[in-house]
$ cat entry-v4.tsv   # TSV, C-alpha atoms
chain	number	residue	atom	x	y	z
R	278	MET	CA	5.86	-15.18	41.72
R	279	THR	CA	9.49	-15.41	40.64
R	280	VAL	CA	10.84	-18.44	38.82
R	281	LYS	CA	14.57	-18.79	38.40
R	282	ALA	CA	15.57	-19.48	34.81
R	283	VAL	CA	17.44	-22.75	34.48
R	284	THR	CA	18.44	-24.99	31.63
R	285	PRO	CA	15.80	-27.71	31.20
R	286	ARG	CA	16.94	-31.29	31.71
R	287	VAL	CA	16.28	-33.55	28.73
R	288	VAL	CA	14.85	-36.97	29.53
R	289	GLU	CA	15.22	-39.63	26.85
R	290	PRO	CA	12.05	-41.78	26.60
R	291	PRO	CA	11.28	-44.24	23.81
R	292	ALA	CA	11.43	-42.39	20.48
R	293	ARG	CA	7.77	-43.07	19.70
R	294	LEU	CA	6.72	-41.05	22.76
R	295	GLY	CA	8.58	-37.89	21.80
R	296	MET	CA	11.28	-36.19	23.83
R	297	GLY	CA	10.64	-35.52	27.50
R	298	VAL	CA	11.84	-32.24	29.02
R	299	SER	CA	11.76	-31.61	32.74
R	300	VAL	CA	12.07	-28.07	34.08
R	301	TYR	CA	13.32	-27.37	37.59
R	302	PRO	CA	11.86	-25.44	39.30
R	303	SER	CA	8.70	-26.65	37.57
R	304	ALA	CA	7.18	-24.62	34.78
R	305	THR	CA	4.07	-22.87	36.07
R	306	ALA	CA	0.89	-22.01	34.22
R	307	MET	CA	-1.88	-19.74	35.47
R	308	VAL	CA	-5.03	-21.68	34.71
R	309	TRP	CA	-8.47	-20.07	34.45
R	310	PRO	CA	-11.05	-22.59	35.73
R	311	GLY	CA	-14.06	-20.80	34.22
R	312	ASP	CA	-16.73	-18.24	35.00
R	313	ALA	CA	-16.67	-16.63	38.46
R	314	HIS	CA	-13.32	-18.22	39.31
R	315	THR	CA	-9.89	-16.69	39.75
R	316	HIS	CA	-6.75	-18.14	38.21
R	317	GLU	CA	-4.94	-21.02	39.84
R	318	ALA	CA	-1.21	-21.74	39.59
R	319	VAL	CA	-0.53	-25.20	38.20
R	320	ALA	CA	2.96	-26.73	38.19
R	321	VAL	CA	4.00	-28.52	35.00
R	322	PRO	CA	7.24	-30.35	35.86
R	323	GLY	CA	7.56	-32.19	32.56
R	324	VAL	CA	6.79	-31.51	28.90
R	325	ARG	CA	6.87	-34.07	26.11
R	326	LEU	CA	8.05	-32.45	22.89
R	327	ALA	CA	7.00	-34.12	19.66
R	328	PRO	CA	9.26	-33.69	16.61
R	329	GLY	CA	9.17	-30.05	15.57
R	330	ASP	CA	7.86	-28.82	18.93
R	331	VAL	CA	9.57	-26.00	20.82
R	332	LEU	CA	9.64	-25.08	24.50
R	333	VAL	CA	9.96	-21.34	25.11
R	334	GLU	CA	10.57	-19.47	28.33
R	335	VAL	CA	8.18	-16.50	28.30
R	336	GLU	CA	9.92	-13.14	28.67
R	337	LEU	CA	6.77	-11.00	28.67
R	338	ALA	CA	3.11	-11.46	27.79
R	339	THR	CA	0.55	-8.74	27.13
R	340	VAL	CA	-3.17	-8.85	27.85
R	341	CYS	CA	-5.31	-8.76	24.71
R	342	GLY	CA	-8.96	-7.73	24.67
R	343	THR	CA	-10.01	-11.29	23.85
R	344	ASP	CA	-8.40	-12.47	27.11
R	345	VAL	CA	-10.58	-9.99	28.99
R	346	GLU	CA	-13.65	-11.01	26.98
R	347	ALA	CA	-13.09	-14.62	27.99
R	348	VAL	CA	-13.08	-13.99	31.74
R	349	LEU	CA	-16.06	-11.62	31.42
R	350	GLY	CA	-18.04	-14.31	29.65
R	351	HIS	CA	-18.27	-12.39	26.37
R	352	ARG	CA	-16.35	-15.03	24.44
R	353	ARG	CA	-17.09	-18.73	24.34
R	354	THR	CA	-14.32	-20.73	25.96
R	355	GLN	CA	-13.69	-24.28	27.09
R	356	ALA	CA	-12.25	-24.02	30.57
R	357	PRO	CA	-9.94	-24.80	32.17
R	358	LEU	CA	-7.47	-23.02	29.94
R	359	VAL	CA	-4.27	-20.99	29.98
R	360	LEU	CA	-5.05	-17.59	28.51
R	361	GLY	CA	-2.56	-15.34	26.73
R	362	HIS	CA	-1.53	-15.28	23.06
R	363	GLU	CA	0.63	-12.14	22.83
R	364	GLN	CA	4.13	-12.82	24.10
R	365	VAL	CA	7.83	-12.97	23.35
R	366	GLY	CA	10.28	-15.53	24.71
R	367	ARG	CA	13.46	-17.56	24.36
R	368	VAL	CA	13.86	-21.10	23.10
R	369	VAL	CA	14.97	-23.45	25.89
R	370	ALA	CA	14.30	-26.88	24.34
R	371	LEU	CA	13.58	-28.42	20.94
R	372	GLY	CA	11.87	-31.62	19.88
R	373	ARG	CA	13.65	-34.14	17.70
R	374	GLY	CA	14.64	-32.68	14.36
R	375	GLY	CA	14.45	-29.14	15.69
R	376	ALA	CA	12.31	-26.40	14.20
R	377	LYS	CA	12.60	-23.65	11.61
R	378	THR	CA	11.41	-20.08	11.48
R	379	THR	CA	9.22	-18.87	8.64
R	380	ASP	CA	12.29	-17.77	6.64
R	381	GLY	CA	13.87	-21.23	6.86
R	382	HIS	CA	16.33	-20.48	9.66
R	383	ARG	CA	16.98	-23.44	11.95
R	384	VAL	CA	16.08	-22.42	15.50
R	385	SER	CA	18.82	-22.51	18.13
R	386	LEU	CA	18.59	-22.68	21.90
R	387	GLY	CA	18.55	-19.22	23.46
R	388	GLU	CA	17.08	-17.47	20.42
R	389	ARG	CA	14.45	-14.81	21.04
R	390	ILE	CA	11.26	-15.41	19.07
R	391	VAL	CA	7.60	-14.61	18.68
R	392	TRP	CA	5.13	-17.16	17.39
R	393	SER	CA	1.75	-17.19	15.71
R	394	ALA	CA	-1.38	-17.09	17.84
R	395	ALA	CA	-2.58	-20.19	15.99
R	396	VAL	CA	-1.24	-23.38	14.49
R	397	PRO	CA	-2.80	-24.77	11.27
R	398	CYS	CA	-2.64	-28.37	10.13
R	399	GLY	CA	-1.24	-27.42	6.71
R	400	ARG	CA	-3.16	-30.26	5.02
R	401	CYS	CA	-6.90	-29.51	5.00
R	402	VAL	CA	-8.78	-27.96	2.06
R	403	ARG	CA	-8.56	-24.47	3.56
R	404	CYS	CA	-4.84	-24.73	4.19
R	405	ARG	CA	-4.35	-25.88	0.61
R	406	ARG	CA	-6.33	-22.82	-0.53
R	407	GLY	CA	-3.92	-20.56	1.34
R	408	LEU	CA	-6.35	-19.91	4.20
R	409	GLN	CA	-4.26	-21.43	6.98
R	410	GLN	CA	-5.66	-18.86	9.42
R	411	GLN	CA	-9.07	-20.56	9.03
R	412	CYS	CA	-7.78	-24.15	9.07
R	413	LEU	CA	-10.50	-26.72	9.70
R	414	SER	CA	-8.58	-28.01	12.73
R	415	LEU	CA	-6.99	-24.74	13.83
R	416	GLN	CA	-5.58	-24.67	17.36
R	417	LYS	CA	-5.12	-21.29	19.04
R	418	TYR	CA	-2.78	-20.47	21.90
R	419	GLY	CA	-4.68	-19.11	24.88
R	420	HIS	CA	-8.00	-20.38	23.50
R	421	GLU	CA	-7.91	-24.18	23.85
R	422	ARG	CA	-9.05	-26.23	26.81
R	423	MET	CA	-6.07	-27.37	28.86
R	424	ARG	CA	-5.32	-30.99	28.06
R	425	ARG	CA	-2.84	-33.67	28.99
R	426	GLY	CA	0.28	-33.28	26.87
R	427	TRP	CA	-0.37	-29.61	26.10
R	428	GLU	CA	-0.66	-28.00	29.51
R	429	LEU	CA	1.52	-25.00	28.60
R	430	SER	CA	-0.81	-23.83	25.85
R	431	GLY	CA	-0.97	-20.09	26.57
R	432	GLY	CA	1.19	-17.09	27.33
R	433	PHE	CA	0.22	-16.59	30.98
R	434	ALA	CA	2.83	-19.08	32.12
R	435	THR	CA	6.55	-19.30	32.71
R	436	HIS	CA	6.87	-21.40	29.55
R	437	THR	CA	4.86	-22.08	26.40
R	438	HIS	CA	4.84	-25.39	24.56
R	439	ILE	CA	4.84	-24.47	20.87
R	440	LEU	CA	3.44	-27.17	18.61
R	441	ASP	CA	5.00	-28.31	15.36
R	442	GLY	CA	3.71	-26.25	12.44
R	443	THR	CA	3.38	-23.02	14.38
R	444	PRO	CA	4.92	-20.08	12.44
R	445	LEU	CA	7.98	-18.79	14.34
R	446	VAL	CA	9.80	-15.50	13.71
R	447	ARG	CA	13.14	-14.39	15.17
R	448	VAL	CA	13.16	-10.96	16.79
R	449	PRO	CA	16.02	-8.51	17.47
R	450	GLU	CA	17.63	-8.34	20.88
R	451	ASP	CA	17.51	-4.54	21.12
R	452	ILE	CA	13.74	-4.10	20.86
R	453	PRO	CA	11.88	-3.91	24.19
R	454	ALA	CA	9.67	-6.87	25.04
R	455	ALA	CA	6.72	-4.51	25.50
R	456	VAL	CA	7.01	-3.58	21.82
R	457	LEU	CA	7.39	-7.15	20.56
R	458	ALA	CA	4.81	-9.05	22.63
R	459	PRO	CA	1.73	-7.66	20.81
R	460	ALA	CA	3.22	-8.70	17.45
R	461	SER	CA	1.65	-12.15	17.63
R	462	CYS	CA	-1.88	-10.77	17.77
R	463	ALA	CA	-2.44	-7.02	17.46
R	464	THR	CA	0.37	-6.14	15.05
R	465	ALA	CA	0.00	-9.19	12.81
R	466	SER	CA	-3.79	-8.78	12.68
R	467	VAL	CA	-3.34	-5.17	11.57
R	468	ALA	CA	-0.84	-6.30	8.92
R	469	ALA	CA	-3.53	-8.64	7.58
R	470	ALA	CA	-6.12	-5.83	7.58
R	471	ILE	CA	-3.77	-3.41	5.81
R	472	GLU	CA	-3.01	-6.06	3.18
R	473	ALA	CA	-6.73	-6.73	2.67
R	474	ALA	CA	-7.32	-3.04	1.97
R	475	ALA	CA	-4.20	-2.49	-0.14
R	476	GLU	CA	-5.11	-5.35	-2.48
R	477	LEU	CA	-8.00	-3.16	-3.67
R	478	VAL	CA	-6.88	0.43	-3.00
R	479	PRO	CA	-3.18	1.42	-3.02
R	480	LEU	CA	-2.35	3.06	0.30
R	481	ASP	CA	0.24	5.47	-1.07
R	482	GLY	CA	-1.69	8.73	-1.35
R	483	ALA	CA	-4.93	7.19	-0.04
R	484	PHE	CA	-7.29	8.84	2.44
R	485	VAL	CA	-7.89	6.34	5.26
R	486	LEU	CA	-10.48	6.36	8.05
R	487	ILE	CA	-9.88	4.15	11.10
R	488	ALA	CA	-12.40	3.45	13.85
R	489	GLY	CA	-10.74	2.89	17.23
R	490	ALA	CA	-7.46	4.06	18.74
R	491	GLY	CA	-6.69	1.10	20.95
R	492	MET	CA	-3.68	-1.11	20.25
R	493	LEU	CA	-5.04	-2.18	16.86
R	494	GLY	CA	-6.06	1.33	15.85
R	495	VAL	CA	-2.80	3.12	16.63
R	496	THR	CA	-0.80	0.30	15.02
R	497	ALA	CA	-2.94	0.57	11.87
R	498	THR	CA	-2.49	4.34	11.90
R	499	ALA	CA	1.30	4.05	11.94
R	500	MET	CA	1.32	1.30	9.29
R	501	ALA	CA	-0.94	3.29	6.96
R	502	VAL	CA	1.09	6.48	7.45
R	503	GLU	CA	4.31	4.59	6.73
R	504	ALA	CA	2.67	3.34	3.52
R	505	GLY	CA	2.00	6.93	2.42
R	506	ALA	CA	-1.63	7.38	3.48
R	507	ARG	CA	-3.35	10.34	5.15
R	508	VAL	CA	-5.24	9.00	8.18
R	509	VAL	CA	-8.18	10.16	10.27
R	510	VAL	CA	-9.08	8.22	13.41
R	511	SER	CA	-12.53	8.13	15.00
R	512	GLU	CA	-12.30	7.51	18.75
R	513	PRO	CA	-14.59	8.58	21.65
R	514	ILE	CA	-11.89	8.65	24.37
R	515	PRO	CA	-9.91	11.94	24.38
R	516	GLU	CA	-6.64	10.37	25.58
R	517	ARG	CA	-6.78	7.84	22.77
R	518	ARG	CA	-7.43	10.54	20.20
R	519	GLU	CA	-4.22	12.19	21.38
R	520	SER	CA	-2.44	8.86	21.06
R	521	ALA	CA	-3.67	8.50	17.47
R	522	LEU	CA	-2.09	11.85	16.63
R	523	ALA	CA	1.18	10.67	18.18
R	524	PHE	CA	1.08	7.68	15.82
R	525	GLY	CA	0.83	9.93	12.78
R	526	ALA	CA	-2.90	10.57	12.27
R	527	ALA	CA	-3.65	13.82	10.43
R	528	GLY	CA	-6.86	14.20	12.41
R	529	ALA	CA	-8.78	12.58	15.26
R	530	ALA	CA	-12.58	12.82	15.48
R	531	ASP	CA	-15.01	12.27	18.33
R	532	PRO	CA	-17.85	10.05	17.04
R	533	ALA	CA	-20.01	11.19	20.00
R	534	ALA	CA	-19.66	14.90	19.18
R	535	PRO	CA	-22.89	16.77	18.31
R	536	THR	CA	-23.80	17.23	14.67
R	537	GLY	CA	-21.93	20.21	13.28
R	538	SER	CA	-19.23	20.13	15.95
R	539	SER	CA	-15.68	20.92	14.84
R	540	THR	CA	-14.53	17.70	16.53
R	541	GLY	CA	-17.16	15.55	14.83
R	542	LEU	CA	-16.30	13.04	12.13
R	543	ALA	CA	-17.76	15.00	9.22
R	544	ALA	CA	-15.87	18.17	10.17
R	545	VAL	CA	-12.54	16.39	10.72
R	546	LEU	CA	-12.85	14.49	7.44
R	547	ALA	CA	-13.57	17.70	5.57
R	548	LYS	CA	-10.65	19.47	7.20
R	549	THR	CA	-8.04	16.76	6.62
R	550	GLY	CA	-9.22	15.19	3.37
R	551	GLY	CA	-7.67	17.77	1.08
R	552	ARG	CA	-8.91	17.15	-2.43
R	553	ALA	CA	-10.31	13.75	-1.49
R	554	PRO	CA	-14.13	13.93	-1.19
R	555	ALA	CA	-14.20	10.98	1.22
R	556	PRO	CA	-11.97	8.14	2.49
R	557	THR	CA	-11.30	5.34	0.04
R	558	VAL	CA	-10.18	2.95	2.80
R	559	ALA	CA	-11.96	2.37	6.11
R	560	LEU	CA	-10.74	0.02	8.84
R	561	GLU	CA	-13.07	-0.99	11.68
R	562	LEU	CA	-10.86	-1.88	14.65
R	563	SER	CA	-12.99	-0.78	17.61
R	564	GLY	CA	-15.48	-3.63	17.82
R	565	SER	CA	-18.39	-1.18	17.79
R	566	PRO	CA	-21.34	-1.96	15.45
R	567	ALA	CA	-22.14	1.76	15.34
R	568	ALA	CA	-18.58	2.48	14.21
R	569	ALA	CA	-18.86	-0.06	11.41
R	570	ARG	CA	-22.07	1.59	10.22
R	571	SER	CA	-20.51	5.06	10.29
R	572	LEU	CA	-17.51	3.85	8.28
R	573	LEU	CA	-19.76	2.28	5.67
R	574	ASP	CA	-21.63	5.56	5.31
R	575	ALA	CA	-18.40	7.57	5.06
R	576	VAL	CA	-16.36	5.52	2.58
R	577	ASP	CA	-16.14	6.91	-0.95
R	578	VAL	CA	-17.32	5.38	-4.21
R	579	GLY	CA	-15.04	2.50	-5.14
R	580	GLY	CA	-13.74	2.27	-1.58
R	581	VAL	CA	-13.11	-0.69	0.69
R	582	LEU	CA	-14.30	-1.32	4.25
R	583	VAL	CA	-12.27	-3.88	6.24
R	584	LEU	CA	-13.97	-5.32	9.32
R	585	VAL	CA	-11.72	-6.68	12.08
R	586	GLY	CA	-13.02	-5.64	15.48
R	587	GLN	CA	-16.37	-7.43	15.64
R	588	SER	CA	-15.40	-11.09	15.78
R	589	ALA	CA	-18.10	-11.91	18.37
R	590	PRO	CA	-21.83	-12.17	17.56
R	591	GLY	CA	-23.58	-8.80	17.43
R	592	PRO	CA	-26.27	-6.80	15.63
R	593	ASP	CA	-26.55	-6.74	11.86
R	594	LEU	CA	-25.12	-3.84	9.90
R	595	GLY	CA	-28.36	-3.42	8.00
R	596	ILE	CA	-26.71	-2.98	4.62
R	597	ALA	CA	-28.85	-2.15	1.60
R	598	PRO	CA	-27.52	-4.02	-1.45
R	599	GLU	CA	-28.41	-1.03	-3.63
R	600	ALA	CA	-25.94	1.15	-1.70
R	601	LEU	CA	-23.09	-1.31	-2.28
R	602	ILE	CA	-23.96	-1.69	-5.94
R	603	ARG	CA	-24.22	1.98	-6.83
R	604	ARG	CA	-21.22	3.03	-4.73
R	605	LEU	CA	-19.07	0.06	-5.86
R	606	ILE	CA	-18.18	-0.64	-2.22
R	607	THR	CA	-16.18	-3.73	-1.20
R	608	ILE	CA	-16.50	-5.11	2.33
R	609	ARG	CA	-13.81	-7.51	3.54
R	610	GLY	CA	-13.53	-9.44	6.77
R	611	VAL	CA	-10.23	-10.27	8.48
R	612	HIS	CA	-9.99	-12.91	11.20
R	613	ASN	CA	-6.67	-14.33	12.42
R	614	TYR	CA	-3.74	-13.98	10.02
R	615	ALA	CA	-1.26	-15.91	7.89
R	616	ALA	CA	2.42	-16.53	8.64
R	617	ARG	CA	3.48	-13.73	6.29
R	618	HIS	CA	1.57	-11.23	8.39
R	619	LEU	CA	3.58	-12.15	11.49
R	620	GLU	CA	6.75	-11.63	9.45
R	621	GLN	CA	5.43	-8.24	8.29
R	622	ALA	CA	4.57	-7.31	11.88
R	623	VAL	CA	8.10	-8.00	13.11
R	624	ARG	CA	9.69	-6.15	10.19
R	625	PHE	CA	7.44	-3.15	10.80
R	626	LEU	CA	8.16	-3.01	14.53
R	627	SER	CA	11.90	-3.50	13.95
R	628	ASP	CA	11.91	-0.50	11.63
R	629	ALA	CA	9.37	1.81	13.29
R	630	TRP	CA	9.34	1.18	17.04
R	631	GLN	CA	11.56	4.18	17.81
R	632	ARG	CA	9.50	6.58	15.65
R	633	TYR	CA	6.22	5.80	17.41
R	634	PRO	CA	5.42	5.34	21.13
R	635	PHE	CA	4.64	1.63	20.98
R	636	ALA	CA	6.27	0.86	24.33
R	637	GLU	CA	4.11	3.50	26.02
R	638	GLN	CA	0.95	1.63	24.98
R	639	VAL	CA	1.82	-1.06	27.53
R	640	GLY	CA	1.09	0.19	31.05
R	641	GLU	CA	1.65	-1.61	34.32
R	642	THR	CA	3.54	-4.89	34.41
R	643	PHE	CA	2.13	-7.53	36.75
R	644	ALA	CA	3.70	-10.63	38.27
R	645	LEU	CA	2.44	-13.92	36.89
R	646	ALA	CA	0.59	-14.68	40.13
R	647	ASP	CA	-1.32	-11.40	39.72
R	648	VAL	CA	-2.80	-12.21	36.32
R	649	ASP	CA	-6.35	-11.57	37.59
R	650	ALA	CA	-5.37	-8.01	38.46
R	651	ALA	CA	-3.81	-7.63	35.02
R	652	LEU	CA	-7.05	-8.75	33.37
R	653	ALA	CA	-8.98	-6.18	35.40
R	654	ALA	CA	-6.66	-3.26	34.58
R	655	ARG	CA	-8.04	-0.67	32.15
R	656	THR	CA	-5.42	2.08	32.21
R	657	HIS	CA	-3.68	1.44	28.87
R	658	PRO	CA	-4.40	-0.35	25.58
R	659	ARG	CA	-2.22	-3.14	26.96
R	660	VAL	CA	-0.83	-4.22	30.33
R	661	ALA	CA	1.82	-6.88	30.73
R	662	VAL	CA	2.46	-10.05	32.68
R	663	ARG	CA	6.07	-10.94	33.47
R	664	PRO	CA	6.71	-14.50	34.73
$ encode --input "entry-v4.tsv" --output "structure tokens"
Amino acid sequence: MTVKAVTPRVVEPPARLGMGVSVYPSATAMVWPGDAHTHEAVAVPGVRLAPGDVLVEVELATVCGTDVEAVLGHRRTQAPLVLGHEQVGRVVALGRGGAKTTDGHRVSLGERIVWSAAVPCGRCVRCRRGLQQQCLSLQKYGHERMRRGWELSGGFATHTHILDGTPLVRVPEDIPAAVLAPASCATASVAAAIEAAAELVPLDGAFVLIAGAGMLGVTATAMAVEAGARVVVSEPIPERRESALAFGAAGAADPAAPTGSSTGLAAVLAKTGGRAPAPTVALELSGSPAAARSLLDAVDVGGVLVLVGQSAPGPDLGIAPEALIRRLITIRGVHNYAARHLEQAVRFLSDAWQRYPFAEQVGETFALADVDAALAARTHPRVAVRP
């Protein structure tokens, strides 16, 4: 499916109804009807932008694991919906009053931006506590049931309708879209996890253990290395262990290796830890309950374990309070992220994308009409959809 980029035509309705924008040819969204169904193309010829809203033409979207979990039935969803929440695009229309990026810059037509995966209300008790990522009325791109007035609610579309209050960040023109698209989920989530750990244990000089070398894991590896940490990654897939080394890991362990094996976690930790008896920071980014348990067992006295990967219901960790008390262990959970983490993600990618093979983590690029094939692909940590 190829859609020719054109300048949207602005339709002036009564002010109380917002500003109407018609796109010709029509904007198109790939809508997932629900379990056991393939995506359907839905034309959206008109969008009504409320004050502060933004219409963006999607340059590239990447497929996140939660998109795959939705179509496999592993994540609760309210179909029909437009999946996709990792993308980069250009501003093609603005609601009355325009919009601003997180640094106060007034957005202009044609600017290249990324936007948060979620939009908070900014008013509820959680938002006032600084927990906008867990707003009581949080709306998430690629997660909400398609509704009248917000049909273009996900990244698997030619355009995305960005609601007022969504954090927006400008991105450089010279960075490949494949590097930037994951910023609005994977990279920003890792920035939040790194911050959660660093608030308790300074990363400069720290010994860090990361479970998982998918998109989150390799990003966390590079971020921790850039912060001055020595990193070991635990990952069962050989190709991903090699990728972790390319992102700066000092060692990569196979959690499935037999006890006593030189590639096992205990041996790799001993070899790379130097004077450190055990990691003081552990990041669980694989989604594996067994990995979370192994990290808890491995982290040193006074260390911190940050849990990110297991956001869906699963088995208990089986933690003995006595172990946490005597070892002075802190366990922190990270879900979603704040606007500052998206800013940190873009700054990090802008500075580091040429030192690490971020673009190579995105494999095949699919046409928008082939989004079902993209969701079924398993060759790389990410594949892309180009409208």
$ atom_distance --input "entry-v4.tsv" --atom1 "atom CA of R:Gly399" --atom2 "atom CA of R:Cys412"
7.7 Å
$ closest_residue --input "entry-v4.tsv" --among "R:Gly342, R:Gly610, R:Gly374, R:Pro566" --to "R:His657" --atoms "only C-alpha atoms"
R:Gly342
$ residues_around --input "entry-v4.tsv" --residues "R:Ala523" --least-positions-apart "3" --cutoff "9 Å" --atoms "all atoms listed in the file" --output "MDAnalysis selection string"
chainID R and resid 495 518:520 526 633:634
$ write_last_selection --input "entry-v4.tsv" --atoms "C-alpha atoms" --output "compact mmCIF listing (two decimals), keeping the file's coordinate frame"
# COMPACT_ATOMS: atom_id res chain seq x y z
CA VAL R 495 -2.80 3.12 16.63
CA ARG R 518 -7.43 10.54 20.20
CA GLU R 519 -4.22 12.19 21.38
CA SER R 520 -2.44 8.86 21.06
CA ALA R 526 -2.90 10.57 12.27
CA TYR R 633 6.22 5.80 17.41
CA PRO R 634 5.42 5.34 21.13
$ atom_distance --input "entry-v4.tsv" --atom1 "atom CA of R:Leu480" --atom2 "atom CA of R:Gly505"
6.2 Å
$ residues_around --input "entry-v4.tsv" --residues "stretch 531-547 of chain R" --least-positions-apart "2" --cutoff "6 Å" --atoms "all atoms listed in the file" --output "MDAnalysis selection string"
chainID R and resid 511:513 549:550
$ atom_distance --input "entry-v4.tsv" --atom1 "atom CA of R:Val365" --atom2 "atom CA of R:Leu386"
14.6 Å
$ residues_around --input "entry-v4.tsv" --residues "stretch 637-639 of chain R" --least-positions-apart "5" --cutoff "6 Å" --atoms "all atoms listed in the file" --output "list in words"
Pro658, Arg659 and Val660 of chain R
$ closest_residue --input "entry-v4.tsv" --among "R:Arg517, R:Arg424, R:Arg552, R:Arg655" --to "R:Phe484" --atoms "only C-alpha atoms"
R:Arg552
$ closest_atom_pairs --input "entry-v4.tsv" --of "stretch 346-379 of chain R" --to "stretch 587-591 of chain R" --cutoff "12 Å" --atoms "all atoms listed in the file" --output "tab-separated table"
residue	atom	partner	partner_atom	distance
R:Glu346	CA	R:Ala589	CA	9.7
R:Ala347	CA	R:Ala589	CA	11.2
R:Gly350	CA	R:Ala589	CA	11.5
R:His351	CA	R:Ala589	CA	8.0
R:Arg352	CA	R:Ala589	CA	7.0
R:Arg353	CA	R:Ala589	CA	9.1
$ closest_residue --input "entry-v4.tsv" --among "R:Gly528, R:Pro453, R:Gly366, R:Gly431" --to "R:Val335" --atoms "all atoms listed in the file"
R:Gly366
$ decode --input "entry-v4.tsv" --residues "stretch 415-431 of chain R" --atoms "N, CA and C atoms" --output "tab-separated table (two decimals), in the first residue's frame"
chain	number	residue	atom	x	y	z
R	415	LEU	N	-5.30	7.36	32.07
R	415	LEU	CA	-4.28	7.26	31.04
R	415	LEU	C	-4.84	6.66	29.75
R	416	GLN	N	-4.49	7.27	28.62
R	416	GLN	CA	-4.82	6.72	27.31
R	416	GLN	C	-3.51	6.38	26.61
R	417	LYS	N	-3.47	5.19	25.99
R	417	LYS	CA	-2.23	4.71	25.39
R	417	LYS	C	-2.43	4.46	23.90
R	418	TYR	N	-1.52	5.02	23.12
R	418	TYR	CA	-1.55	4.81	21.68
R	418	TYR	C	-1.33	3.32	21.39
R	419	GLY	N	-2.12	2.79	20.46
R	419	GLY	CA	-2.00	1.39	20.10
R	419	GLY	C	-2.62	0.43	21.09
R	420	HIS	N	-3.29	0.95	22.12
R	420	HIS	CA	-3.89	0.11	23.15
R	420	HIS	C	-5.39	0.33	23.32
R	421	GLU	N	-5.90	1.46	22.82
R	421	GLU	CA	-7.29	1.84	23.09
R	421	GLU	C	-8.23	1.37	21.98
R	422	ARG	N	-9.43	1.04	22.36
R	422	ARG	CA	-10.44	0.64	21.39
R	422	ARG	C	-10.71	1.80	20.43
R	423	MET	N	-10.74	1.50	19.15
R	423	MET	CA	-10.99	2.52	18.14
R	423	MET	C	-12.35	3.18	18.41
R	424	ARG	N	-12.38	4.50	18.39
R	424	ARG	CA	-13.63	5.18	18.68
R	424	ARG	C	-13.82	6.36	17.74
R	425	ARG	N	-15.04	6.79	17.62
R	425	ARG	CA	-15.36	7.92	16.76
R	425	ARG	C	-14.66	9.18	17.29
R	426	GLY	N	-13.93	9.85	16.43
R	426	GLY	CA	-13.20	11.04	16.82
R	426	GLY	C	-11.74	10.78	17.13
R	427	TRP	N	-11.40	9.50	17.34
R	427	TRP	CA	-9.99	9.14	17.54
R	427	TRP	C	-9.71	7.82	16.81
R	428	GLU	N	-9.97	7.84	15.51
R	428	GLU	CA	-9.76	6.64	14.72
R	428	GLU	C	-8.28	6.36	14.49
R	429	LEU	N	-7.48	7.40	14.35
R	429	LEU	CA	-6.05	7.26	14.08
R	429	LEU	C	-5.28	7.25	15.39
R	430	SER	N	-5.51	6.20	16.18
R	430	SER	CA	-5.02	6.16	17.55
R	430	SER	C	-3.79	5.28	17.74
R	431	GLY	N	-3.21	4.77	16.65
R	431	GLY	CA	-2.03	3.93	16.76
R	431	GLY	C	-1.06	4.18	15.62
